[in-house]
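Enquirer: Sharing target-v8.cif below, mmCIF, C-alpha atoms and all ligand atoms:
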```
data_work
loop_
_atom_site.label_atom_id
_atom_site.label_comp_id
_atom_site.auth_asym_id
_atom_site.auth_seq_id
_atom_site.Cartn_x
_atom_site.Cartn_y
_atom_site.Cartn_z
CA MET A 1 6.51 19.25 -25.40
CA GLU A 2 5.31 17.91 -22.07
CA THR A 3 4.12 14.29 -22.02
CA LYS A 4 1.02 13.32 -20.08
CA THR A 5 2.18 10.32 -18.10
CA THR A 6 -0.42 7.83 -16.90
CA LEU A 7 0.72 6.64 -13.49
CA ILE A 8 -0.61 3.23 -12.49
CA PRO A 9 0.19 2.02 -8.97
CA VAL A 10 -0.21 -1.75 -8.64
CA GLY A 11 -1.16 -2.76 -5.11
CA GLY A 12 -3.36 -5.26 -3.42
CA GLY A 13 -3.08 -5.67 0.32
CA LYS A 14 -2.17 -9.35 0.33
CA GLY A 15 1.34 -10.64 -0.26
CA GLY A 16 2.20 -13.05 -3.06
CA VAL A 17 -0.88 -12.43 -5.22
CA GLY A 18 1.16 -11.48 -8.29
CA LYS A 19 1.57 -7.70 -7.98
CA SER A 20 5.23 -7.53 -9.01
CA LEU A 21 4.94 -10.21 -11.69
CA THR A 22 1.93 -8.47 -13.20
CA ALA A 23 3.40 -4.97 -12.90
CA ALA A 24 6.51 -6.15 -14.77
CA ASN A 25 4.66 -8.11 -17.47
CA LEU A 26 2.07 -5.38 -17.96
CA ALA A 27 4.80 -2.76 -18.31
CA ALA A 28 6.61 -4.88 -20.92
CA ALA A 29 3.36 -5.53 -22.78
CA LEU A 30 2.57 -1.80 -22.89
CA ALA A 31 6.08 -1.15 -24.21
CA GLY A 32 5.50 -3.92 -26.78
CA LEU A 33 2.40 -2.03 -27.93
CA GLY A 34 4.54 1.01 -28.67
CA LYS A 35 4.04 2.90 -25.40
CA ARG A 36 7.09 4.38 -23.68
CA THR A 37 6.90 2.79 -20.27
CA ILE A 38 8.78 3.10 -16.99
CA LEU A 39 8.53 0.42 -14.33
CA LEU A 40 9.24 1.69 -10.83
CA ASP A 41 9.94 -0.50 -7.83
CA LEU A 42 8.28 1.09 -4.80
CA ASP A 43 8.19 -2.05 -2.72
CA LEU A 44 10.89 -0.56 -0.55
CA GLY A 45 12.19 -3.17 1.84
CA GLY A 46 11.12 -5.97 -0.50
CA SER A 47 12.14 -4.86 -3.99
CA ASN A 48 12.34 -7.73 -6.46
CA LEU A 49 11.44 -6.40 -9.91
CA TYR A 50 15.07 -6.72 -11.01
CA SER A 51 14.68 -10.48 -10.77
CA TYR A 52 11.53 -10.57 -12.95
CA LEU A 53 13.39 -8.41 -15.49
CA GLY A 54 16.49 -10.61 -15.45
CA LEU A 55 18.70 -7.78 -14.20
CA PRO A 56 21.35 -7.79 -11.48
CA ASN A 57 20.45 -6.30 -8.11
CA SER A 58 23.38 -3.92 -8.26
CA ASN A 59 21.95 -0.85 -9.98
CA PRO A 60 21.46 2.20 -7.79
CA GLY A 61 17.79 3.09 -7.29
CA ILE A 62 15.34 5.06 -5.17
CA GLY A 63 17.30 4.47 -1.96
CA ASP A 64 20.47 5.87 -3.52
CA TYR A 65 18.59 8.78 -5.06
CA LEU A 66 17.18 9.78 -1.67
CA MET A 67 20.64 9.62 -0.09
CA THR A 68 22.15 12.04 -2.62
CA LYS A 69 21.50 15.71 -2.97
CA GLU A 70 22.00 15.90 -6.73
CA GLY A 71 20.30 14.68 -9.86
CA THR A 72 16.77 13.54 -10.50
CA LEU A 73 15.00 10.24 -10.13
CA ALA A 74 14.87 9.99 -13.93
CA ASP A 75 18.70 9.67 -13.89
CA TYR A 76 18.27 6.28 -12.21
CA GLN A 77 16.46 4.68 -15.14
CA VAL A 78 18.00 1.43 -16.31
CA ASP A 79 17.45 0.01 -19.80
CA THR A 80 15.85 -3.41 -19.95
CA ALA A 81 15.91 -6.19 -22.54
CA TYR A 82 12.44 -5.05 -23.59
CA PRO A 83 12.44 -2.18 -26.13
CA GLY A 84 10.57 0.87 -24.87
CA LEU A 85 10.70 -0.27 -21.24
CA SER A 86 13.01 1.24 -18.66
CA TYR A 87 13.13 0.45 -14.98
CA ILE A 88 13.96 2.30 -11.78
CA PRO A 89 15.20 0.02 -8.98
CA GLY A 90 13.94 0.22 -5.42
CA ASP A 91 16.17 -0.27 -2.45
CA GLY A 92 18.74 -2.67 -3.95
CA ARG A 93 21.96 -0.97 -2.95
CA THR A 94 20.55 1.02 -0.07
CA PRO A 95 18.40 -1.32 2.01
CA PHE A 96 16.27 -0.47 5.07
CA MET A 97 14.30 2.10 3.12
CA ALA A 98 10.92 0.70 4.16
CA ASN A 99 10.26 3.50 6.66
CA LEU A 100 10.97 6.68 4.76
CA SER A 101 10.93 9.99 6.59
CA TYR A 102 8.19 12.47 5.73
CA ALA A 103 10.69 14.70 3.93
CA HIS A 104 11.92 11.78 1.83
CA LYS A 105 8.37 10.79 0.96
CA ILE A 106 7.56 14.30 -0.24
CA LYS A 107 10.75 14.44 -2.29
CA LEU A 108 10.05 11.04 -3.80
CA ALA A 109 6.44 11.84 -4.68
CA ARG A 110 7.50 15.06 -6.38
CA GLU A 111 10.15 13.25 -8.44
CA ILE A 112 7.80 10.42 -9.39
CA ARG A 113 5.33 12.95 -10.77
CA ARG A 114 8.12 14.46 -12.87
CA LEU A 115 8.97 11.20 -14.65
CA GLU A 116 8.07 11.33 -18.32
CA ALA A 117 6.68 8.37 -20.24
CA ASP A 118 3.38 7.24 -21.68
CA TYR A 119 2.92 4.85 -18.75
CA LEU A 120 4.55 4.71 -15.36
CA ILE A 121 3.80 1.38 -13.69
CA VAL A 122 4.56 1.36 -9.97
CA ASP A 123 4.93 -1.85 -8.00
CA ILE A 124 3.83 -1.47 -4.39
CA GLY A 125 4.41 -3.80 -1.47
CA ALA A 126 1.82 -5.79 0.45
CA GLY A 127 0.05 -4.66 3.63
CA THR A 128 -1.77 -1.53 4.72
CA SER A 129 1.07 0.53 6.15
CA PHE A 130 0.76 4.30 5.73
CA ASN A 131 3.64 4.32 3.24
CA THR A 132 2.01 1.66 1.09
CA ILE A 133 -1.26 3.56 1.07
CA ASP A 134 0.46 6.85 0.31
CA TYR A 135 2.27 5.33 -2.67
CA PHE A 136 -1.02 3.92 -3.91
CA SER A 137 -2.52 7.41 -3.53
CA LEU A 138 0.05 8.94 -5.88
CA ALA A 139 -2.34 8.60 -8.81
CA PRO A 140 -6.03 9.43 -9.18
CA LEU A 141 -6.68 5.73 -9.90
CA GLY A 142 -4.94 2.52 -8.92
CA MET A 143 -4.89 -1.14 -9.92
CA LEU A 144 -5.54 -3.74 -7.22
CA LEU A 145 -4.50 -7.34 -7.68
CA THR A 146 -6.31 -10.10 -5.84
CA THR A 147 -6.79 -13.80 -6.22
CA PRO A 148 -10.40 -15.04 -6.19
CA ASP A 149 -9.83 -16.51 -2.70
CA THR A 150 -11.43 -15.14 0.44
CA PRO A 151 -8.24 -14.15 2.37
CA SER A 152 -6.98 -12.15 -0.58
CA LEU A 153 -10.37 -10.50 -1.15
CA MET A 154 -10.63 -9.63 2.55
CA ASN A 155 -7.16 -8.08 2.48
CA MET A 156 -8.10 -6.09 -0.58
CA LEU A 157 -11.17 -4.70 1.19
CA ALA A 158 -9.08 -3.91 4.27
CA PHE A 159 -6.60 -2.11 2.04
CA LEU A 160 -9.39 -0.11 0.41
CA LYS A 161 -10.78 0.82 3.79
CA SER A 162 -7.42 2.09 5.05
CA PHE A 163 -6.91 3.90 1.76
CA LEU A 164 -10.29 5.63 1.93
CA LEU A 165 -10.05 6.62 5.59
CA ARG A 166 -6.50 7.97 5.24
CA ASN A 167 -7.49 10.02 2.20
CA ILE A 168 -10.67 11.30 3.84
CA ILE A 169 -8.69 12.36 6.91
CA ALA A 170 -6.10 14.12 4.74
CA ARG A 171 -8.86 16.13 3.12
CA ILE A 172 -10.74 17.15 6.26
CA LYS A 173 -8.05 17.54 8.90
CA HIS A 174 -7.71 21.30 8.32
CA ILE A 175 -11.38 21.74 9.27
CA PRO A 176 -11.39 22.29 13.07
CA GLN A 177 -14.74 20.65 13.97
CA THR A 178 -13.57 17.31 12.58
CA GLU A 179 -10.88 16.57 15.20
CA LYS A 180 -12.99 14.32 17.42
CA LEU A 181 -14.36 12.29 14.54
CA ILE A 182 -10.87 11.85 13.10
CA ARG A 183 -9.69 10.47 16.45
CA THR A 184 -12.62 8.02 16.46
CA ILE A 185 -11.78 6.91 12.92
CA GLN A 186 -8.13 6.46 13.81
CA ARG A 187 -8.99 4.28 16.81
CA GLN A 188 -10.84 1.79 14.61
CA THR A 189 -9.18 -1.41 13.56
CA VAL A 190 -9.19 -2.14 9.84
CA SER A 191 -11.34 -5.21 10.28
CA SER A 192 -13.93 -3.41 12.39
CA ALA A 193 -17.26 -3.09 10.60
CA LEU A 194 -18.70 -0.87 13.35
CA LEU A 195 -18.08 2.42 11.64
CA THR A 196 -19.01 2.38 7.97
CA VAL A 197 -17.93 5.10 5.56
CA ASP A 198 -21.57 6.09 5.18
CA MET A 199 -21.81 6.64 8.95
CA ILE A 200 -18.67 8.78 8.83
CA ARG A 201 -20.15 10.77 5.98
CA LYS A 202 -23.43 11.36 7.81
CA ARG A 203 -21.57 12.46 10.93
CA LEU A 204 -19.48 14.85 8.82
CA GLN A 205 -22.63 16.27 7.30
CA GLU A 206 -23.84 17.12 10.84
CA ILE A 207 -20.63 18.74 12.00
CA SER A 208 -19.39 20.35 8.80
CA PRO A 209 -21.08 20.16 5.38
CA LEU A 210 -17.81 21.45 3.93
CA ALA A 211 -15.97 18.43 5.32
CA ALA A 212 -18.70 16.12 4.01
CA ARG A 213 -18.25 17.61 0.55
CA GLU A 214 -14.49 17.10 0.77
CA ALA A 215 -15.00 13.45 1.76
CA ASP A 216 -17.49 12.97 -1.07
CA LEU A 217 -14.85 14.00 -3.56
CA ILE A 218 -13.07 10.75 -2.77
CA ILE A 219 -15.93 8.43 -1.88
CA GLN A 220 -18.02 9.20 -4.93
CA THR A 221 -15.29 9.44 -7.51
CA TYR A 222 -12.73 6.83 -6.55
CA ARG A 223 -13.13 3.55 -8.42
CA PRO A 224 -10.31 1.09 -7.93
CA ARG A 225 -9.52 -1.05 -10.97
CA VAL A 226 -9.46 -4.64 -9.72
CA VAL A 227 -7.65 -7.45 -11.53
CA PHE A 228 -8.13 -11.08 -10.51
CA ASN A 229 -5.00 -13.17 -10.75
CA LEU A 230 -4.45 -16.91 -10.37
CA ALA A 231 -7.96 -17.75 -11.57
CA ASP A 232 -8.61 -21.43 -12.35
CA GLU A 233 -11.79 -20.99 -14.34
CA ALA A 234 -13.99 -18.26 -15.79
CA GLU A 235 -16.57 -18.77 -13.02
CA ASP A 236 -14.04 -17.51 -10.46
CA ILE A 237 -15.18 -14.06 -11.48
CA LEU A 238 -18.48 -14.63 -9.65
CA VAL A 239 -16.81 -13.87 -6.32
CA ALA A 240 -16.93 -10.25 -7.44
CA ARG A 241 -20.62 -9.98 -6.58
CA PRO A 242 -20.43 -10.44 -2.77
CA VAL A 243 -17.28 -8.31 -2.68
CA GLU A 244 -19.09 -5.58 -4.54
CA SER A 245 -21.93 -5.64 -1.98
CA ALA A 246 -19.50 -5.55 0.95
CA ALA A 247 -17.57 -2.62 -0.58
CA LEU A 248 -20.79 -0.72 -1.15
CA LYS A 249 -22.21 -1.44 2.31
CA GLN A 250 -19.10 -0.80 4.40
CA LEU A 251 -17.13 1.60 2.25
CA SER A 252 -19.79 3.23 0.03
CA LEU A 253 -17.36 2.42 -2.76
CA ARG A 254 -17.94 1.14 -6.27
CA ILE A 255 -15.38 -1.19 -7.83
CA ASP A 256 -14.36 -1.37 -11.46
CA TRP A 257 -13.72 -5.02 -12.39
CA PHE A 258 -10.89 -4.57 -14.81
CA GLY A 259 -9.21 -7.85 -15.69
CA LEU A 260 -8.74 -11.54 -15.05
CA LEU A 261 -5.51 -13.52 -15.33
CA PHE A 262 -5.34 -17.29 -15.15
CA HIS A 263 -2.98 -19.50 -13.24
CA ASP A 264 -0.43 -20.94 -15.64
CA SER A 265 2.37 -23.35 -14.79
CA GLN A 266 4.60 -21.69 -17.39
CA VAL A 267 4.79 -18.63 -15.17
CA ARG A 268 7.02 -20.30 -12.59
CA ARG A 269 9.30 -21.57 -15.32
CA SER A 270 9.72 -18.07 -16.72
CA VAL A 271 10.26 -16.66 -13.21
CA ARG A 272 13.02 -19.22 -12.64
CA GLN A 273 14.58 -18.25 -15.96
CA ARG A 274 14.24 -14.57 -14.95
CA LYS A 275 12.32 -13.70 -18.10
CA LEU A 276 8.98 -12.05 -18.68
CA LEU A 277 6.25 -13.78 -20.63
CA LEU A 278 5.73 -12.02 -23.89
CA ARG A 279 4.62 -12.36 -27.49
CA ASP A 280 6.59 -15.54 -28.11
CA GLN A 281 4.54 -17.53 -25.55
CA GLN A 282 1.38 -17.76 -27.64
CA ASP A 283 0.20 -20.78 -25.70
CA CYS A 284 0.55 -19.26 -22.23
CA LEU A 285 -2.76 -18.33 -20.63
CA TYR A 286 -1.16 -15.76 -18.35
CA ALA A 287 0.79 -14.08 -21.18
CA GLU A 288 -2.32 -13.86 -23.31
CA GLY A 289 -4.24 -12.39 -20.39
CA ILE A 290 -1.50 -9.79 -19.92
CA ARG A 291 -1.74 -8.76 -23.57
CA GLN A 292 -5.48 -8.32 -23.16
CA LEU A 293 -4.94 -6.37 -19.93
CA ALA A 294 -2.43 -4.03 -21.60
CA GLN A 295 -4.90 -3.33 -24.38
CA GLN A 296 -7.63 -2.71 -21.81
CA VAL A 297 -5.36 -0.23 -20.01
CA ILE A 298 -4.73 1.64 -23.26
CA ASP A 299 -8.40 1.63 -24.26
CA SER A 300 -10.10 2.36 -20.98
CA TRP A 301 -7.93 3.06 -17.95
CA ASP A 302 -9.50 6.49 -17.48
CA ARG A 303 -12.97 5.49 -18.54
CA GLN A 304 -15.45 4.63 -15.81
CA SER A 305 -17.82 1.79 -16.57
CA GLU A 306 -21.18 1.12 -14.92
CA MET A 307 -21.13 -2.40 -16.39
CA SER A 308 -17.59 -3.47 -15.56
CA PHE A 309 -18.63 -6.85 -14.17
CA GLU A 310 -20.70 -7.74 -17.23
CA LEU A 311 -17.96 -6.50 -19.55
CA LEU A 312 -15.28 -8.52 -17.78
CA GLN A 313 -17.49 -11.60 -17.83
CA ALA A 314 -18.08 -11.20 -21.57
CA SER A 315 -14.42 -10.57 -22.37
CA THR A 316 -13.37 -13.59 -20.27
CA HIS A 317 -15.81 -15.82 -22.16
CA SER A 318 -14.62 -14.61 -25.55
CA PHE A 319 -11.02 -15.06 -24.36
CA ILE A 320 -11.78 -18.69 -23.54
CA GLN A 321 -13.66 -19.27 -26.81
CA ARG A 322 -10.78 -17.80 -28.78
CA ARG A 323 -8.32 -20.03 -26.99
CA ARG A 324 -10.42 -23.14 -27.50
CA SER A 325 -10.43 -22.48 -31.24
CA THR A 326 -6.69 -21.83 -31.48
CA GLN A 327 -5.33 -24.06 -28.68
CA PRO A 328 -7.73 -27.00 -28.47
CA THR A 329 -5.72 -28.60 -25.66
CA GLY A 330 -4.77 -25.41 -23.90
CA PHE A 331 -7.51 -25.06 -21.33
N1 LIG A 401 -0.97 -16.25 -12.88
C1 LIG A 401 0.00 -16.93 -12.29
N2 LIG A 401 0.25 -18.23 -12.65
C2 LIG A 401 1.21 -18.93 -12.02
N3 LIG A 401 2.00 -18.45 -11.04
C3 LIG A 401 1.81 -17.18 -10.64
C4 LIG A 401 0.80 -16.35 -11.25
N4 LIG A 401 0.84 -15.16 -10.63
C5 LIG A 401 1.82 -15.21 -9.71
N5 LIG A 401 2.40 -16.43 -9.72
C6 LIG A 401 3.51 -16.89 -8.84
O1 LIG A 401 3.50 -16.17 -7.63
C7 LIG A 401 4.79 -15.64 -7.37
C8 LIG A 401 4.68 -14.38 -6.56
O2 LIG A 401 4.22 -13.31 -7.37
P1 LIG A 401 4.64 -11.80 -7.07
O3 LIG A 401 6.08 -11.69 -6.71
O4 LIG A 401 4.19 -11.00 -8.22
O5 LIG A 401 3.73 -11.50 -5.81
P2 LIG A 401 3.55 -10.12 -5.05
O6 LIG A 401 2.10 -9.90 -4.92
O7 LIG A 401 4.35 -9.06 -5.70
O8 LIG A 401 4.18 -10.49 -3.63
P3 LIG A 401 4.73 -9.48 -2.48
O9 LIG A 401 3.52 -8.97 -1.79
O10 LIG A 401 5.55 -10.36 -1.63
O11 LIG A 401 5.49 -8.40 -3.16
C9 LIG A 401 5.40 -15.45 -8.75
O12 LIG A 401 6.81 -15.45 -8.67
C10 LIG A 401 4.87 -16.66 -9.49
O13 LIG A 401 5.69 -17.79 -9.26
MG MG A 402 5.91 -7.89 -5.00
#
```
Just dump the structure as structure tokens.

Expert:
Amino acid sequence: METKTTLIPVGGGKGGVGKSLTAANLAAALAGLGKRTILLDLDLGGSNLYSYLGLPNSNPGIGDYLMTKEGTLADYQVDTAYPGLSYIPGDGRTPFMANLSYAHKIKLAREIRRLEADYLIVDIGAGTSFNTIDYFSLAPLGMLLTTPDTPSLMNMLAFLKSFLLRNIIARIKHIPQTEKLIRTIQRQTVSSALLTVDMIRKRLQEISPLAAREADLIIQTYRPRVVFNLADEAEDILVARPVESAALKQLSLRIDWFGLLFHDSQVRRSVRQRKLLLRDQQDCLYAEGIRQLAQQVIDSWDRQSEMSFELLQASTHSFIQRRRSTQPTGF
């Protein structure tokens, strides 16, 4: 029987915001909840999931797969210390894979879609390179990690803008009248606010209603799932409001506020010990947040919410209340 695999790319735009750490811990938490999970390292050129998993960097991975003509990507799965969780390394033994050829990218995407598990968690590198955006586009929905700080939020918005424009272009480029507009879009810098997505849409409507409809398929349906990491307090969540307005104004895009993870000094200790934070660390804020996030993924990854901000605010408050009653000194 064929399994329906839920593919979750974990991206974010900014470096060092906790994408790999969270991808690894989330994958292990999903496995701990009985879900068969594969963790895939697609940060080619900067792969480091092996370290979070406490594994050597000597297993062959995606790079090696692409260099061979035989086998499937699934053959490269490595067992981990976490039952139910397997891992596929990135570029460990075959470095310099950051700039894959088009043919390699197509081959890789096809193989990724053939992997069978309940969840496939994909760690993606920082930045807004075309490869990064294409990996994030592998699934109908993606998870974006950001800290509540302005530089990280700005990078997330820049990432979303590049993502939207690249996907819009991919959908309309076969329609001849759109050539000039596509060139104008491509000349824009990511930080430029001159050309909003709404303006692009209106222009498309004038030149080709068919192209406008194609673009709408992305603009109106895509809702990134955003997770705050490295929060210091529950109020950090309030930064979501101005970001929401900016995303709506410049990108015509709605955001689904999906989770919040706190800064916890135990994280660095576990990273140094090359272990993930799991059930045994009852007192760790981050680990508890990850458990909640895994449950949220299982309950509502595919479900769109019109009240995501309010729901996240409420769940963060009950998280803190629960902790205060069980760990009186823990906050
Ligand atoms: N919630 C947290 N509490 C404490 N430390 C954290 C937390 N999240 C991340 N860190 C620290 O930040 C480090 C970097 O995280 P991570 O490797 O996941 O970043 P990244 O976004 O994948 O970076 P890159 O873009 O370079 O791939 C972790 O090794 C950890 O020490
Ligand atoms: Mg990383």

Enquirer: Write as number ranges by chain the residues around ligand MG 402 (chain A), taking 10 Å as the cut-off and counting all atoms listed in the file.

Expert: A: 10-12, 14-24, 41-44, 46-49, 123-126

Enquirer: When you count only C-alpha atoms and all ligand atoms, which of these residues is closest to ligand LIG 401 (chain A): A:Ile298, A:Leu138, A:Ile62, A:Cys284?

Expert: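 Of all the options, A:Cys284 lies closest to ligand LIG 401 (chain A).
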
Enquirer: Would you mind listing what lies within 9 Å of Val239 (chain A) as a VMD selection string, with all atoms listed in the file counted and same-chain residues fewer than 4 positions away left out?

Expert: chain A and resid 148 to 150 153 235 243 to 244

Enquirer: To one decimal place in Å, what is the distance between CA of Asp283 (chain A) and CA of Asp264 (chain A)?

Expert: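 Computing it gives 10.1 Å between the two atoms.
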
Enquirer: For a test of reading the model, state the distance in Å between CA of Gly84 (chain A) and CA of Leu261 (chain A), rounded to one decimal.

Expert: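 Going from CA of Gly84 (chain A) over to CA of Leu261 (chain A), I get 23.6 Å.
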
Enquirer: Which distance in Å separates CA of Ser305 (chain A) and CA of Arg225 (chain A), to one decimal?

Expert: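 Computing it gives 10.4 Å between the two atoms.
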
Enquirer: Using only C-alpha atoms, find the one residue out of A:Asn167, A:Thr72, A:Thr80, A:Thr178 that sits nearest to Asp216 (chain A).

Expert: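 Selected residue with least distance to Asp216 (chain A): A:Asn167.
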
Enquirer: Given the choices A:Leu217, A:Leu204, A:Ala314, A:Leu260, which gets closest to Arg291 (chain A) if the distance is worked out from all atoms listed in the file?

Expert: A:Leu260

Enquirer: Pick out the closest residue to Asp232 (chain A) from this set: A:Thr147, A:Asn57, A:Thr326, A:Thr37. Count all atoms listed in the file.

Expert: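 Looking only at the distances to Asp232 (chain A), the closest residue turns out to be A:Thr147.
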
Enquirer: Would you kindly identify which residues have an atom no farther than 8 Å from (6.4, -0.3, -18.6), using all atoms listed in the file and the file's own coordinates, and write them out as a list of chain:residue names?

Expert: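 Neighbouring residues, ordered by chain and number, come to A:Ala23, A:Ala24, A:Leu26, A:Ala27, A:Ala28, A:Ala29, A:Leu30, A:Ala31, A:Lys35, A:Arg36, A:Thr37, A:Ile38, A:Leu39, A:Gly84, A:Leu85, A:Ser86, A:Tyr87, A:Tyr119, A:Leu120, A:Ile121.
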
Enquirer: Dump C-alpha atoms for the selected residues as an mmCIF file, keeping the file's coordinate frame?

Expert:
```
data_model
loop_
_atom_site.group_PDB
_atom_site.id
_atom_site.type_symbol
_atom_site.label_atom_id
_atom_site.label_comp_id
_atom_site.auth_asym_id
_atom_site.auth_seq_id
_atom_site.Cartn_x
_atom_site.Cartn_y
_atom_site.Cartn_z
ATOM 1 C CA ALA A 23 3.400 -4.970 -12.900
ATOM 2 C CA ALA A 24 6.510 -6.150 -14.770
ATOM 3 C CA LEU A 26 2.070 -5.380 -17.960
ATOM 4 C CA ALA A 27 4.800 -2.760 -18.310
ATOM 5 C CA ALA A 28 6.610 -4.880 -20.920
ATOM 6 C CA ALA A 29 3.360 -5.530 -22.780
ATOM 7 C CA LEU A 30 2.570 -1.800 -22.890
ATOM 8 C CA ALA A 31 6.080 -1.150 -24.210
ATOM 9 C CA LYS A 35 4.040 2.900 -25.400
ATOM 10 C CA ARG A 36 7.090 4.380 -23.680
ATOM 11 C CA THR A 37 6.900 2.790 -20.270
ATOM 12 C CA ILE A 38 8.780 3.100 -16.990
ATOM 13 C CA LEU A 39 8.530 0.420 -14.330
ATOM 14 C CA GLY A 84 10.570 0.870 -24.870
ATOM 15 C CA LEU A 85 10.700 -0.270 -21.240
ATOM 16 C CA SER A 86 13.010 1.240 -18.660
ATOM 17 C CA TYR A 87 13.130 0.450 -14.980
ATOM 18 C CA TYR A 119 2.920 4.850 -18.750
ATOM 19 C CA LEU A 120 4.550 4.710 -15.360
ATOM 20 C CA ILE A 121 3.800 1.380 -13.690
#
```

Enquirer: Counting all atoms listed in the file, which residue out of A:Ala117, A:Met67, A:Ile200, A:Ile218 sits closest to Leu253 (chain A)?

Expert: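 Checking each candidate against Leu253 (chain A), we get A:Ile218 as the closest.
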
Enquirer: Pick out the closest residue to ligand LIG 401 (chain A) from this set: A:Ile207, A:Leu55, A:Met156, A:Val271. Count only C-alpha atoms and all ligand atoms.

Expert: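 Closest candidate: A:Val271.
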
Enquirer: So which residues touch Leu276 (chain A) within 7 Å, counting all atoms listed in the file, skipping near sequence neighbours fewer than 5 positions away, as a list in words?

Expert: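 Non-adjacent residues within range: Asn25, Tyr52, Leu53 and Ser270 of chain A.
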